[in-house]
Amino acid sequence: MPTAPPDPHSDNATAAVQTNALLRAALLFWSAAILAAAVAAPIAASAARPEGWFLHEVLEPFCHQQPERTWQLQGHPLGVCARCLGVYAGLLLAALAAFPLPPKTIAAALALVAATWLVEFTGLAPVSNGFRWLTGLFLGASVGAVVLPWAPRHGPRWLARPGSAPG
């Protein structure tokens, strides 16, 4: 006996939408905060402000911060390397755009990052910070688009039912 399709207006669907919104908001806040701190660090450092050093210390657990792999702003390194900058930008993009991707996309992004790392480690070819940023962007966007539960994308009940506006 076939089962009825799930009701998009059930309590479970509403809870899933609320969870999705909360996760998306958390990802937006976290990735935007790291990106803002990464850019603010060299600006503060160029003004000889102690916040520049502080922001680099705060961001250290999130990135190796190797100077040769980090872009400069006003003569000082950003708070994260080019690849990590791409990862956090990709996470932010995924949270803003809400585009779904299949889970195998993460595997492809990880394979690309691993291949790039192997080329760098073995010295086969130089890898630019621009390419590091692109691979990080792909990885961050893939993780964000797969990890966030995009399936239950139903809005408020009154949007789905004609004539049932709030009131």
# chains A, B, ... in the order shown; residues from 1 in each chain; ligands from 1

call {"tool": "closest_atom_pairs", "arguments": {"of": "stretch 69-112 of chain A", "to": "stretch 49-65 of chain A", "cutoff": "10 Å", "atoms": "only C-alpha atoms", "output": "tab-separated table"}}
result
residue	atom	partner	partner_atom	distance
A:Arg69	CA	A:Gln65	CA	7.4
A:Thr70	CA	A:Gln65	CA	6.6
A:Trp71	CA	A:Gln65	CA	9.9
A:His76	CA	A:Gly52	CA	9.4
A:Pro77	CA	A:Gln65	CA	8.4
A:Leu78	CA	A:His56	CA	8.2
A:Gly79	CA	A:His56	CA	5.2
A:Val80	CA	A:Gln65	CA	5.3
A:Cys81	CA	A:Gln65	CA	5.3
A:Ala82	CA	A:Gln65	CA	9.0
A:Arg83	CA	A:Cys63	CA	9.1
A:Cys84	CA	A:Cys63	CA	6.6
A:Leu85	CA	A:Cys63	CA	9.2

call {"tool": "write_last_selection", "arguments": {"atoms": "C-alpha atoms", "output": "compact mmCIF listing (two decimals), in the first residue's frame"}}
result
# COMPACT_ATOMS: atom_id res chain seq x y z
CA ARG A 69 50.50 31.75 1.07
CA THR A 70 48.74 34.82 2.43
CA TRP A 71 47.73 37.91 0.50
CA HIS A 76 50.48 43.39 6.12
CA PRO A 77 49.20 39.81 5.72
CA LEU A 78 45.52 39.00 5.89
CA GLY A 79 44.45 37.02 8.94
CA VAL A 80 44.10 33.76 6.95
CA CYS A 81 45.86 32.27 3.92
CA ALA A 82 44.44 32.48 0.41
CA ARG A 83 42.94 28.96 0.53
CA CYS A 84 41.25 29.53 3.90
CA LEU A 85 39.98 32.89 2.66

call {"tool": "closest_atom_pairs", "arguments": {"of": "stretch 88-126 of chain A", "to": "stretch 19-42 of chain A", "cutoff": "7 Å", "atoms": "only C-alpha atoms", "output": "Markdown table"}}
result
| residue | atom | partner | partner_atom | distance |
| --- | --- | --- | --- | --- |
| A:Tyr88 | CA | A:Ser31 | CA | 5.3 |
| A:Leu91 | CA | A:Ser31 | CA | 6.4 |
| A:Leu92 | CA | A:Leu28 | CA | 5.5 |
| A:Ala95 | CA | A:Arg24 | CA | 5.4 |

call {"tool": "closest_residue", "arguments": {"among": "A:Ala145, A:Gly90, A:Thr14, A:Ile43", "to": "A:Gly75", "atoms": "only C-alpha atoms"}}
result
A:Ile43

call {"tool": "residues_around", "arguments": {"residues": "A:Phe99", "least_positions_apart": "5", "cutoff": "10 Å", "atoms": "only C-alpha atoms", "output": "list in words"}}
result
Leu93, Ala94, Ala141, Ser142, Gly144, Ala145, Val146, Leu148 and Trp150 of chain A

call {"tool": "write_last_selection", "arguments": {"atoms": "N, CA, C and O atoms", "output": "mmCIF file, in the first residue's frame"}}
result
data_model
loop_
_atom_site.group_PDB
_atom_site.id
_atom_site.type_symbol
_atom_site.label_atom_id
_atom_site.label_comp_id
_atom_site.auth_asym_id
_atom_site.auth_seq_id
_atom_site.Cartn_x
_atom_site.Cartn_y
_atom_site.Cartn_z
ATOM 1 N N LEU A 93 29.051 32.171 0.679
ATOM 2 C CA LEU A 93 28.292 32.095 -0.567
ATOM 3 C C LEU A 93 27.211 31.021 -0.499
ATOM 4 O O LEU A 93 26.069 31.239 -0.901
ATOM 5 N N ALA A 94 27.565 29.863 0.033
ATOM 6 C CA ALA A 94 26.599 28.770 0.135
ATOM 7 C C ALA A 94 25.440 29.141 1.050
ATOM 8 O O ALA A 94 24.282 28.836 0.761
ATOM 9 N N ALA A 141 32.181 26.255 -0.631
ATOM 10 C CA ALA A 141 30.834 26.265 -1.202
ATOM 11 C C ALA A 141 30.249 24.861 -1.228
ATOM 12 O O ALA A 141 29.055 24.673 -0.956
ATOM 13 N N SER A 142 31.069 23.859 -1.520
ATOM 14 C CA SER A 142 30.592 22.472 -1.546
ATOM 15 C C SER A 142 30.164 22.018 -0.159
ATOM 16 O O SER A 142 29.077 21.450 0.008
ATOM 17 N N GLY A 144 29.338 23.872 2.436
ATOM 18 C CA GLY A 144 28.158 24.619 2.859
ATOM 19 C C GLY A 144 26.887 24.152 2.182
ATOM 20 O O GLY A 144 25.844 24.022 2.820
ATOM 21 N N ALA A 145 26.956 23.879 0.888
ATOM 22 C CA ALA A 145 25.769 23.476 0.138
ATOM 23 C C ALA A 145 25.327 22.057 0.453
ATOM 24 O O ALA A 145 24.156 21.725 0.307
ATOM 25 N N VAL A 146 26.232 21.223 0.913
ATOM 26 C CA VAL A 146 25.875 19.837 1.229
ATOM 27 C C VAL A 146 25.470 19.692 2.694
ATOM 28 O O VAL A 146 24.520 18.989 3.021
ATOM 29 N N LEU A 148 24.256 21.978 4.915
ATOM 30 C CA LEU A 148 22.981 22.578 5.303
ATOM 31 C C LEU A 148 21.837 21.765 4.706
ATOM 32 O O LEU A 148 21.884 21.396 3.542
ATOM 33 N N TRP A 150 18.983 21.390 2.803
ATOM 34 C CA TRP A 150 18.191 22.206 1.888
ATOM 35 C C TRP A 150 16.845 21.592 1.531
ATOM 36 O O TRP A 150 15.997 22.273 1.002
#

call {"tool": "select_by_dssp", "arguments": {"residues": "stretch 16-165 of chain A", "states": "strand (DSSP E or B)", "output": "ChimeraX atom specification"}}
result
/A:72-73,76-77

call {"tool": "atom_distance", "arguments": {"atom1": "atom CA of A:Ala89", "atom2": "atom CA of A:Gly136"}}
result
8.4 Å

call {"tool": "select_by_dssp", "arguments": {"residues": "stretch 39-158 of chain A", "states": "helix (DSSP H, G or I)", "output": "NGL selection string"}}
result
:A and (39-46 or 50-62 or 67-69 or 82-97 or 104-122 or 129-147 or 157-158)

call {"tool": "atom_distance", "arguments": {"atom1": "atom CA of A:Trp117", "atom2": "atom CA of A:Pro100"}}
result
26.9 Å
